[in-house]
$ cat target_16.pdb   # PDB, C-alpha atoms and all ligand atoms
ATOM      1  CA  MET A 536     -27.883 -26.732  68.919
ATOM      2  CA  ARG A 537     -25.281 -29.166  67.724
ATOM      3  CA  TYR A 538     -26.635 -29.181  64.182
ATOM      4  CA  PRO A 539     -23.848 -27.261  62.412
ATOM      5  CA  LYS A 540     -21.300 -29.670  63.816
ATOM      6  CA  ILE A 541     -23.420 -32.617  62.757
ATOM      7  CA  ILE A 542     -23.768 -31.116  59.264
ATOM      8  CA  ASP A 543     -19.990 -30.766  59.034
ATOM      9  CA  LYS A 544     -19.516 -34.408  59.818
ATOM     10  CA  LEU A 545     -22.291 -35.374  57.491
ATOM     11  CA  ASN A 546     -20.861 -33.361  54.612
ATOM     12  CA  GLY A 547     -17.462 -34.833  55.297
ATOM     13  CA  GLY A 548     -18.935 -38.274  54.777
ATOM     14  CA  ILE A 549     -18.125 -39.498  58.254
ATOM     15  CA  ILE A 550     -21.667 -40.568  59.056
ATOM     16  CA  THR A 551     -24.656 -41.039  56.827
ATOM     17  CA  ILE A 552     -27.888 -39.104  57.130
ATOM     18  CA  ILE A 553     -29.857 -42.257  57.895
ATOM     19  CA  GLN A 554     -27.620 -43.157  60.823
ATOM     20  CA  LEU A 555     -27.940 -39.614  62.108
ATOM     21  CA  VAL A 556     -31.683 -39.387  61.795
ATOM     22  CA  LEU A 557     -32.120 -42.722  63.540
ATOM     23  CA  THR A 558     -30.018 -41.636  66.509
ATOM     24  CA  LEU A 559     -31.819 -38.327  67.030
ATOM     25  CA  HIS A 560     -34.648 -38.002  69.525
ATOM     26  CA  ASN A 561     -36.651 -35.884  67.035
ATOM     27  CA  PRO A 562     -35.795 -36.896  63.474
ATOM     28  CA  ILE A 563     -38.380 -34.618  61.832
ATOM     29  CA  VAL A 564     -36.935 -31.483  63.403
ATOM     30  CA  PHE A 565     -33.500 -32.554  62.320
ATOM     31  CA  VAL A 566     -34.507 -33.117  58.694
ATOM     32  CA  LYS A 567     -36.189 -29.698  58.592
ATOM     33  CA  GLU A 568     -33.085 -28.054  60.034
ATOM     34  CA  TYR A 569     -30.827 -29.985  57.698
ATOM     35  CA  VAL A 570     -32.699 -28.740  54.614
ATOM     36  CA  ARG A 571     -32.836 -25.166  55.956
ATOM     37  CA  ILE A 572     -29.120 -25.044  56.731
ATOM     38  CA  ASN A 573     -28.173 -26.449  53.356
ATOM     39  CA  VAL A 574     -30.376 -23.930  51.555
ATOM     40  CA  ILE A 575     -28.602 -21.141  53.444
ATOM     41  CA  ILE A 576     -25.180 -22.628  52.615
ATOM     42  CA  PHE A 577     -26.243 -22.810  48.967
ATOM     43  CA  LEU A 578     -27.402 -19.173  48.912
ATOM     44  CA  ILE A 579     -24.234 -17.904  50.622
ATOM     45  CA  PHE A 580     -22.165 -19.977  48.239
ATOM     46  CA  TYR A 581     -23.815 -18.699  45.084
ATOM     47  CA  GLY A 582     -24.322 -15.152  46.325
ATOM     48  CA  GLY A 583     -20.912 -14.723  47.866
ATOM     49  CA  PHE A 584     -18.518 -16.902  45.939
ATOM     50  CA  MET A 585     -19.858 -17.123  42.407
ATOM     51  CA  LYS A 586     -18.410 -14.398  40.300
ATOM     52  CA  THR A 587     -19.058 -13.448  36.718
ATOM     53  CA  LEU A 588     -16.326 -13.058  34.134
ATOM     54  CA  GLU A 589     -16.488 -11.942  30.541
ATOM     55  CA  ALA A 590     -15.086 -14.174  27.822
ATOM     56  CA  THR A 591     -14.915 -14.341  24.052
ATOM     57  CA  CYS A 592     -15.184 -17.358  21.812
ATOM     58  CA  TYR A 593     -13.318 -18.024  18.598
ATOM     59  CA  PHE A 594     -12.256 -20.780  16.254
ATOM     60  CA  HIS A 595      -8.739 -22.173  16.560
ATOM     61  CA  GLN A 596      -7.130 -25.526  15.595
ATOM     62  CA  ASN A 597     -10.526 -26.759  14.376
ATOM     63  CA  ARG A 598     -12.080 -26.154  17.771
ATOM     64  CA  ILE A 599     -14.082 -23.567  19.610
ATOM     65  CA  TYR A 600     -11.930 -21.757  22.162
ATOM     66  CA  VAL A 601     -13.235 -19.582  24.956
ATOM     67  CA  LYS A 602     -10.871 -16.982  26.289
ATOM     68  CA  PRO A 603     -11.747 -15.554  29.721
ATOM     69  CA  ALA A 604     -10.947 -11.861  30.208
ATOM     70  CA  GLU A 605      -8.474 -12.743  32.968
ATOM     71  CA  GLY A 606      -6.874 -15.574  34.874
ATOM     72  CA  THR A 607      -5.542 -19.045  34.135
ATOM     73  CA  TYR A 608      -7.586 -22.185  34.689
ATOM     74  CA  GLU A 609      -5.274 -25.202  34.401
ATOM     75  CA  MET A 610      -7.363 -27.242  36.818
ATOM     76  CA  ILE A 611     -10.491 -27.063  34.684
ATOM     77  CA  TYR A 612     -10.112 -30.729  33.699
ATOM     78  CA  ARG A 613     -11.072 -31.611  37.278
ATOM     79  CA  ALA A 614     -14.641 -30.521  36.513
ATOM     80  CA  ALA A 615     -14.808 -33.713  34.389
ATOM     81  CA  CYS A 616     -16.750 -31.954  31.634
ATOM     82  CA  GLY A 617     -14.212 -32.768  28.914
ATOM     83  CA  VAL A 618     -12.934 -29.194  29.073
ATOM     84  CA  TYR A 619      -9.223 -28.341  29.053
ATOM     85  CA  TRP A 620      -6.988 -25.317  29.380
ATOM     86  CA  ASP A 621      -4.642 -24.282  26.558
ATOM     87  CA  GLU A 622      -1.746 -22.465  28.189
ATOM     88  CA  GLU A 623      -0.461 -20.982  24.933
ATOM     89  CA  GLU A 624      -3.838 -19.569  23.902
ATOM     90  CA  LYS A 625      -4.855 -18.785  27.501
ATOM     91  CA  ALA A 626      -8.204 -20.254  26.585
ATOM     92  CA  LEU A 627     -10.534 -23.156  27.328
ATOM     93  CA  TYR A 628     -11.639 -25.797  24.876
ATOM     94  CA  PHE A 629     -13.942 -28.806  24.787
ATOM     95  CA  LEU A 630     -12.210 -31.968  23.635
ATOM     96  CA  ASP A 631     -14.969 -34.424  22.754
ATOM     97  CA  ASP A 632     -17.004 -32.937  19.937
ATOM     98  CA  PRO A 633     -15.149 -29.905  18.627
ATOM     99  CA  THR A 634     -17.359 -29.301  15.599
ATOM    100  CA  ASN A 635     -20.462 -28.864  17.734
ATOM    101  CA  TYR A 636     -19.886 -25.353  18.992
ATOM    102  CA  GLN A 637     -23.179 -25.081  20.925
ATOM    103  CA  LEU A 638     -22.222 -28.154  22.925
ATOM    104  CA  SER A 639     -18.640 -26.915  23.341
ATOM    105  CA  LEU A 640     -19.762 -23.590  24.782
ATOM    106  CA  LYS A 641     -22.256 -25.292  27.098
ATOM    107  CA  HIS A 642     -19.615 -27.628  28.528
ATOM    108  CA  ILE A 643     -17.053 -24.860  28.954
ATOM    109  CA  VAL A 644     -19.505 -22.623  30.836
ATOM    110  CA  LEU A 645     -20.583 -25.549  33.046
ATOM    111  CA  ALA A 646     -17.005 -26.595  33.812
ATOM    112  CA  MET A 647     -16.086 -23.076  34.923
ATOM    113  CA  LYS A 648     -19.098 -22.996  37.228
ATOM    114  CA  ASN A 649     -18.306 -26.372  38.764
ATOM    115  CA  GLU A 650     -14.578 -26.002  39.193
ATOM    116  CA  TYR A 651     -13.973 -22.269  39.672
ATOM    117  CA  TYR A 652     -17.412 -20.943  40.685
ATOM    118  CA  ILE A 653     -17.197 -18.543  37.776
ATOM    119  CA  ASP A 654     -20.163 -17.677  35.628
ATOM    120  CA  LEU A 655     -18.692 -17.035  32.174
ATOM    121  CA  ILE A 656     -20.477 -14.396  30.123
ATOM    122  CA  ILE A 657     -19.570 -14.896  26.489
ATOM    123  CA  THR A 658     -19.730 -11.455  24.956
ATOM    124  CA  ASN A 659     -19.477 -12.223  21.248
ATOM    125  CA  THR A 660     -21.840 -14.335  19.236
ATOM    126  CA  PHE A 661     -20.559 -17.110  17.112
ATOM    127  CA  MET A 662     -21.266 -16.242  13.526
ATOM    128  CA  GLN A 663     -22.752 -18.846  11.262
ATOM    129  CA  CYS A 664     -21.116 -19.175   7.877
ATOM    130  CA  ASP A 665     -22.388 -20.500   4.573
ATOM    131  CA  CYS A 666     -19.180 -22.317   3.601
ATOM    132  CA  ASN A 667     -21.097 -25.581   3.207
ATOM    133  CA  GLU A 668     -23.064 -24.116   0.336
ATOM    134  CA  ARG A 669     -20.017 -22.749  -1.457
ATOM    135  CA  TYR A 670     -17.622 -24.629  -3.662
ATOM    136  CA  ALA A 671     -14.306 -24.362  -5.401
ATOM    137  CA  THR A 672     -14.411 -22.544  -8.705
ATOM    138  CA  GLU A 673     -12.246 -21.478 -11.572
ATOM    139  CA  ILE A 674     -12.188 -17.737 -12.197
ATOM    140  CA  ASN A 675     -12.592 -17.203 -15.907
ATOM    141  CA  SER A 676     -13.972 -13.674 -16.031
ATOM    142  CA  ILE A 677     -13.257 -10.281 -14.524
ATOM    143  CA  THR A 678     -16.863 -10.050 -13.338
ATOM    144  CA  LEU A 679     -16.629 -13.302 -11.381
ATOM    145  CA  PHE A 680     -13.276 -12.266  -9.954
ATOM    146  CA  GLU A 681     -14.662  -8.944  -8.737
ATOM    147  CA  GLU A 682     -17.707 -10.608  -7.198
ATOM    148  CA  LEU A 683     -15.544 -13.089  -5.317
ATOM    149  CA  LYS A 684     -13.120 -10.412  -4.180
ATOM    150  CA  VAL A 685     -15.960  -8.356  -2.704
ATOM    151  CA  PHE A 686     -17.441 -11.476  -1.087
ATOM    152  CA  PHE A 687     -14.209 -12.450   0.682
ATOM    153  CA  GLU A 688     -13.338  -8.909   1.717
ATOM    154  CA  ARG A 689     -16.788  -8.399   3.202
ATOM    155  CA  LYS A 690     -16.582 -11.643   5.165
ATOM    156  CA  ALA A 691     -13.204 -10.569   6.521
ATOM    157  CA  ALA A 692     -14.527  -7.101   7.418
ATOM    158  CA  ASN A 693     -17.474  -8.709   9.245
ATOM    159  CA  GLY A 694     -15.100 -10.888  11.244
ATOM    160  CA  VAL A 695     -16.356 -14.213   9.859
ATOM    161  CA  PHE A 696     -13.179 -14.861   7.866
ATOM    162  CA  ILE A 697      -9.595 -14.168   8.859
ATOM    163  CA  ASP A 698      -7.437 -12.785   6.084
ATOM    164  CA  GLU A 699      -4.266 -14.910   6.308
ATOM    165  CA  ARG A 700      -0.971 -14.721   4.514
ATOM    166  CA  PRO A 701      -0.521 -17.978   2.570
ATOM    167  CA  THR A 702       2.234 -19.966   4.246
ATOM    168  CA  LYS A 703       2.340 -22.883   1.797
ATOM    169  CA  PRO A 704       2.851 -22.629  -1.965
ATOM    170  CA  TYR A 705       0.355 -24.052  -4.418
ATOM    171  CA  TYR A 706       3.202 -25.011  -6.740
ATOM    172  CA  ILE A 707       6.823 -26.005  -6.256
ATOM    173  CA  TRP A 708       9.145 -26.520  -9.165
ATOM    174  CA  ASP A 709      12.665 -27.809  -8.774
ATOM    175  CA  ASP A 710      15.149 -29.172 -11.284
ATOM    176  CA  GLY A 711      18.099 -29.457  -8.920
ATOM    177  CA  SER A 712      19.644 -26.187 -10.034
ATOM    178  CA  GLY A 713      16.595 -23.971  -9.667
ATOM    179  CA  HIS A 714      13.757 -23.848  -7.147
ATOM    180  CA  ILE A 715      10.540 -21.883  -7.616
ATOM    181  CA  GLU A 716       7.505 -21.595  -5.335
ATOM    182  CA  TYR A 717       4.202 -19.923  -6.202
ATOM    183  CA  PHE A 718       1.845 -18.710  -3.497
ATOM    184  CA  ALA A 719      -1.841 -17.854  -3.828
ATOM    185  CA  ASP A 720      -2.857 -14.219  -3.374
ATOM    186  CA  LYS A 721      -5.040 -14.834  -0.343
ATOM    187  CA  TRP A 722      -6.012 -17.348   2.252
ATOM    188  CA  TYR A 723      -9.221 -16.827   4.178
ATOM    189  CA  ARG A 724      -9.908 -18.910   7.238
ATOM    190  CA  CYS A 725     -13.511 -19.204   8.410
ATOM    191  CA  LYS A 726     -13.844 -18.493  12.123
ATOM    192  CA  SER A 727     -17.180 -20.259  12.218
ATOM    193  CA  CYS A 728     -16.517 -23.656  10.621
ATOM    194  CA  GLY A 729     -12.706 -23.569  10.463
ATOM    195  CA  CYS A 730     -12.355 -24.238   6.745
ATOM    196  CA  LEU A 731      -9.655 -22.603   4.675
ATOM    197  CA  TRP A 732     -10.284 -20.863   1.365
ATOM    198  CA  GLU A 733      -7.502 -20.353  -1.145
ATOM    199  CA  PHE A 734      -8.073 -17.440  -3.490
ATOM    200  CA  ASN A 735      -5.708 -16.925  -6.375
ATOM    201  CA  TYR A 736      -6.365 -13.891  -8.537
ATOM    202  CA  PRO A 737      -6.538 -14.402 -12.310
ATOM    203  CA  ASP A 738      -3.874 -12.918 -14.535
ATOM    204  CA  PHE A 739      -5.608 -13.393 -17.878
ATOM    205  CA  PRO A 740      -5.165 -15.409 -19.975
ATOM    206  CA  LYS A 741      -4.073 -17.331 -16.859
ATOM    207  CA  LEU A 742      -7.194 -18.209 -14.884
ATOM    208  CA  GLY A 743      -7.603 -17.697 -11.170
ATOM    209  CA  TRP A 744      -9.302 -20.040  -8.696
ATOM    210  CA  VAL A 745     -10.957 -20.507  -5.373
ATOM    211  CA  LYS A 746     -10.353 -23.769  -3.537
ATOM    212  CA  LYS A 747     -11.732 -25.019  -0.264
ATOM    213  CA  TYR A 748      -9.942 -27.065   2.438
ATOM    214  CA  GLU A 749     -12.689 -28.174   4.769
ATOM    215  CA  ASP A 750     -10.559 -29.310   7.691
ATOM    216  CA  GLY A 751      -8.537 -26.088   7.580
ATOM    217  CA  ASN A 752      -5.312 -27.820   6.532
ATOM    218  CA  TYR A 753      -3.768 -26.730   3.274
ATOM    219  CA  THR A 754      -2.957 -29.732   1.088
ATOM    220  CA  GLY A 755      -3.036 -28.043  -2.299
ATOM    221  CA  THR A 756       0.675 -27.981  -3.100
ATOM    222  CA  ASP A 757       1.596 -29.434  -6.498
ATOM    223  CA  ILE A 758       5.200 -30.525  -6.472
ATOM    224  CA  CYS A 759       7.086 -30.814  -9.715
ATOM    225  CA  ILE A 760      10.639 -32.047  -9.287
ATOM    226  CA  TYR A 761      12.877 -32.888 -12.217
ATOM    227  CA  GLN A 762      16.000 -34.899 -11.719
ATOM    228  CA  ARG A 763      18.846 -35.372 -14.095
ATOM    229  CA  LYS A 764      19.535 -39.067 -14.576
ATOM    230  CA  ASP A 765      23.124 -40.299 -14.473
ATOM    231  CA  GLY A 766      25.000 -39.709 -17.677
ATOM    232  CA  THR A 767      22.055 -38.232 -19.555
ATOM    233  CA  SER A 768      20.352 -34.902 -19.652
ATOM    234  CA  THR A 769      16.872 -36.362 -19.724
ATOM    235  CA  LEU A 770      14.435 -34.822 -17.259
ATOM    236  CA  SER A 771      11.899 -36.943 -15.503
ATOM    237  CA  GLU A 772       8.986 -35.799 -13.454
ATOM    238  CA  ILE A 773       8.395 -37.359 -10.033
TER     239      ILE A 773
HETATM  240 ZN    ZN A 801     -17.313 -21.462   7.362
END
$ encode --input "target_16.pdb" --output "structure tokens"
Amino acid sequence: MRYPKIIDKLNGGIITIIQLVLTLHNPIVFVKEYVRINVIIFLIFYGGFMKTLEATCYFHQNRIYVKPAEGTYEMIYRAACGVYWDEEEKALYFLDDPTNYQLSLKHIVLAMKNEYYIDLIITNTFMQCDCNERYATEINSITLFEELKVFFERKAANGVFIDERPTKPYYIWDDGSGHIEYFADKWYRCKSCGCLWEFNYPDFPKLGWVKKYEDGNYTGTDICIYQRKDGTSTLSEI
């Protein structure tokens, strides 16, 4: 039969199915064959070419990233699912609605199927956090401090929070001849919602604190710069 050749042409868009059916002496047989052949092509395609690959998901740059166990997938954008490849992270991310991690994961898995015929198996579960229900607080007692310390350390041990070294000071003091920077004791970044917690231990009578930066960007630096005015020794705060 000439059917495979006809199918090739059909799939290549050279002729339409209606034109073909109309020119055949037995259109019903053709349609039956056409469906059968395409089902077989589909089964071979999915059985033979689809492969599974493990991947892990994590929070990075306020987005959900999915890191496949191997390979690079720069062409993923061609799947037109809003999914892109981050060469530095060697991971995939969904651009449109980064805070919706269910949707992000769904689009990433779909894009990999469409573009690379890879069925991603995400091996870790995305942990829900309770950051929304927690607020900044001043630490005015040893008991509260110990409770908070245990809370943060547990979250870090469970993999919900990342224990980060503070990279920005909470206070800068400069008078032109001296420069001092104070850093908090701990930063904890939530892997689930991406917020950043600043935890500064108390040193009584100096109180400690916990502060929250919901978008993950630290903006808590107080800057205190004194400048000597010309001819006087007066200090003024900017
Ligand atoms: Zn969180």
$ residues_near_ligand --input "target_16.pdb" --ligand "ligand ZN 801 (chain A)" --cutoff "7 Å" --atoms "only C-alpha atoms and all ligand atoms" --output "PyMOL selection string"
chain A and resi 664-667+725-730
$ atom_distance --input "target_16.pdb" --atom1 "atom CA of Tyr628 of chain A" --atom2 "atom CA of Trp722 of chain A"
24.8 Å
$ resolve_selection --input "target_16.pdb" --expression "the PyMOL selection byres (((chain A and resi 654) around 10) and not hetatm)" --output "PyMOL selection string"
chain A and resi 585-590+644-649+651-653+655-657
$ write_last_selection --input "target_16.pdb" --atoms "C-alpha atoms" --output "PDB file, in the coordinates of the input"
ATOM      1  CA  MET A 585     -19.858 -17.123  42.407  1.00  0.00           C
ATOM      2  CA  LYS A 586     -18.410 -14.398  40.300  1.00  0.00           C
ATOM      3  CA  THR A 587     -19.058 -13.448  36.718  1.00  0.00           C
ATOM      4  CA  LEU A 588     -16.326 -13.058  34.134  1.00  0.00           C
ATOM      5  CA  GLU A 589     -16.488 -11.942  30.541  1.00  0.00           C
ATOM      6  CA  ALA A 590     -15.086 -14.174  27.822  1.00  0.00           C
ATOM      7  CA  VAL A 644     -19.505 -22.623  30.836  1.00  0.00           C
ATOM      8  CA  LEU A 645     -20.583 -25.549  33.046  1.00  0.00           C
ATOM      9  CA  ALA A 646     -17.005 -26.595  33.812  1.00  0.00           C
ATOM     10  CA  MET A 647     -16.086 -23.076  34.923  1.00  0.00           C
ATOM     11  CA  LYS A 648     -19.098 -22.996  37.228  1.00  0.00           C
ATOM     12  CA  ASN A 649     -18.306 -26.372  38.764  1.00  0.00           C
ATOM     13  CA  TYR A 651     -13.973 -22.269  39.672  1.00  0.00           C
ATOM     14  CA  TYR A 652     -17.412 -20.943  40.685  1.00  0.00           C
ATOM     15  CA  ILE A 653     -17.197 -18.543  37.776  1.00  0.00           C
ATOM     16  CA  LEU A 655     -18.692 -17.035  32.174  1.00  0.00           C
ATOM     17  CA  ILE A 656     -20.477 -14.396  30.123  1.00  0.00           C
ATOM     18  CA  ILE A 657     -19.570 -14.896  26.489  1.00  0.00           C
TER      19      ILE A 657
END
$ resolve_selection --input "target_16.pdb" --expression "the PyMOL selection byres (((chain A and resi 747-760) around 6) and not hetatm)" --output "ChimeraX atom specification"
/A:671,704-710,729-732,746,761,772-773
$ closest_residue --input "target_16.pdb" --among "A:Ala626, A:Lys641, A:Leu679, A:Phe687" --to "Ala604 of chain A" --atoms "all atoms listed in the file"
A:Ala626
$ axis_aligned_box --input "target_16.pdb" --around "segment 564-573 of chain A" --padding-each-side "4 Å" --output "JSON"
{"center_x": -32.6, "center_y": -29.1, "center_z": 58.4, "size_x": 16.8, "size_y": 16.1, "size_z": 18.0}
$ atom_distance --input "target_16.pdb" --atom1 "atom CA of Trp620 of chain A" --atom2 "atom CA of Ile643 of chain A"
10.1 Å
$ atom_distance --input "target_16.pdb" --atom1 "atom CA of Ile677 of chain A" --atom2 "atom CA of Pro740 of chain A"
11.0 Å
$ resolve_selection --input "target_16.pdb" --expression "the PyMOL selection byres (((chain A and resi 721) around 7) and not hetatm)" --output "VMD selection string"
chain A and resid 699 to 701 719 to 720 722 to 723 733 to 735
$ residues_near_point --input "target_16.pdb" --point "(-10.3, -21.3, -14.8)" --cutoff "12 Å" --atoms "only C-alpha atoms" --output "ChimeraX atom specification"
/A:671-677,679-680,735-746
$ residues_around --input "target_16.pdb" --residues "Tyr593 of chain A" --least-positions-apart "5" --cutoff "12 Å" --atoms "only C-alpha atoms" --output "PyMOL selection string"
chain A and resi 598-603+624+626-628+636+639-640+657-663+694-697+724-729
$ closest_residue --input "target_16.pdb" --among "A:His595, A:Lys567, A:Lys625, A:His642" --to "Tyr608 of chain A" --atoms "only C-alpha atoms"
A:Lys625
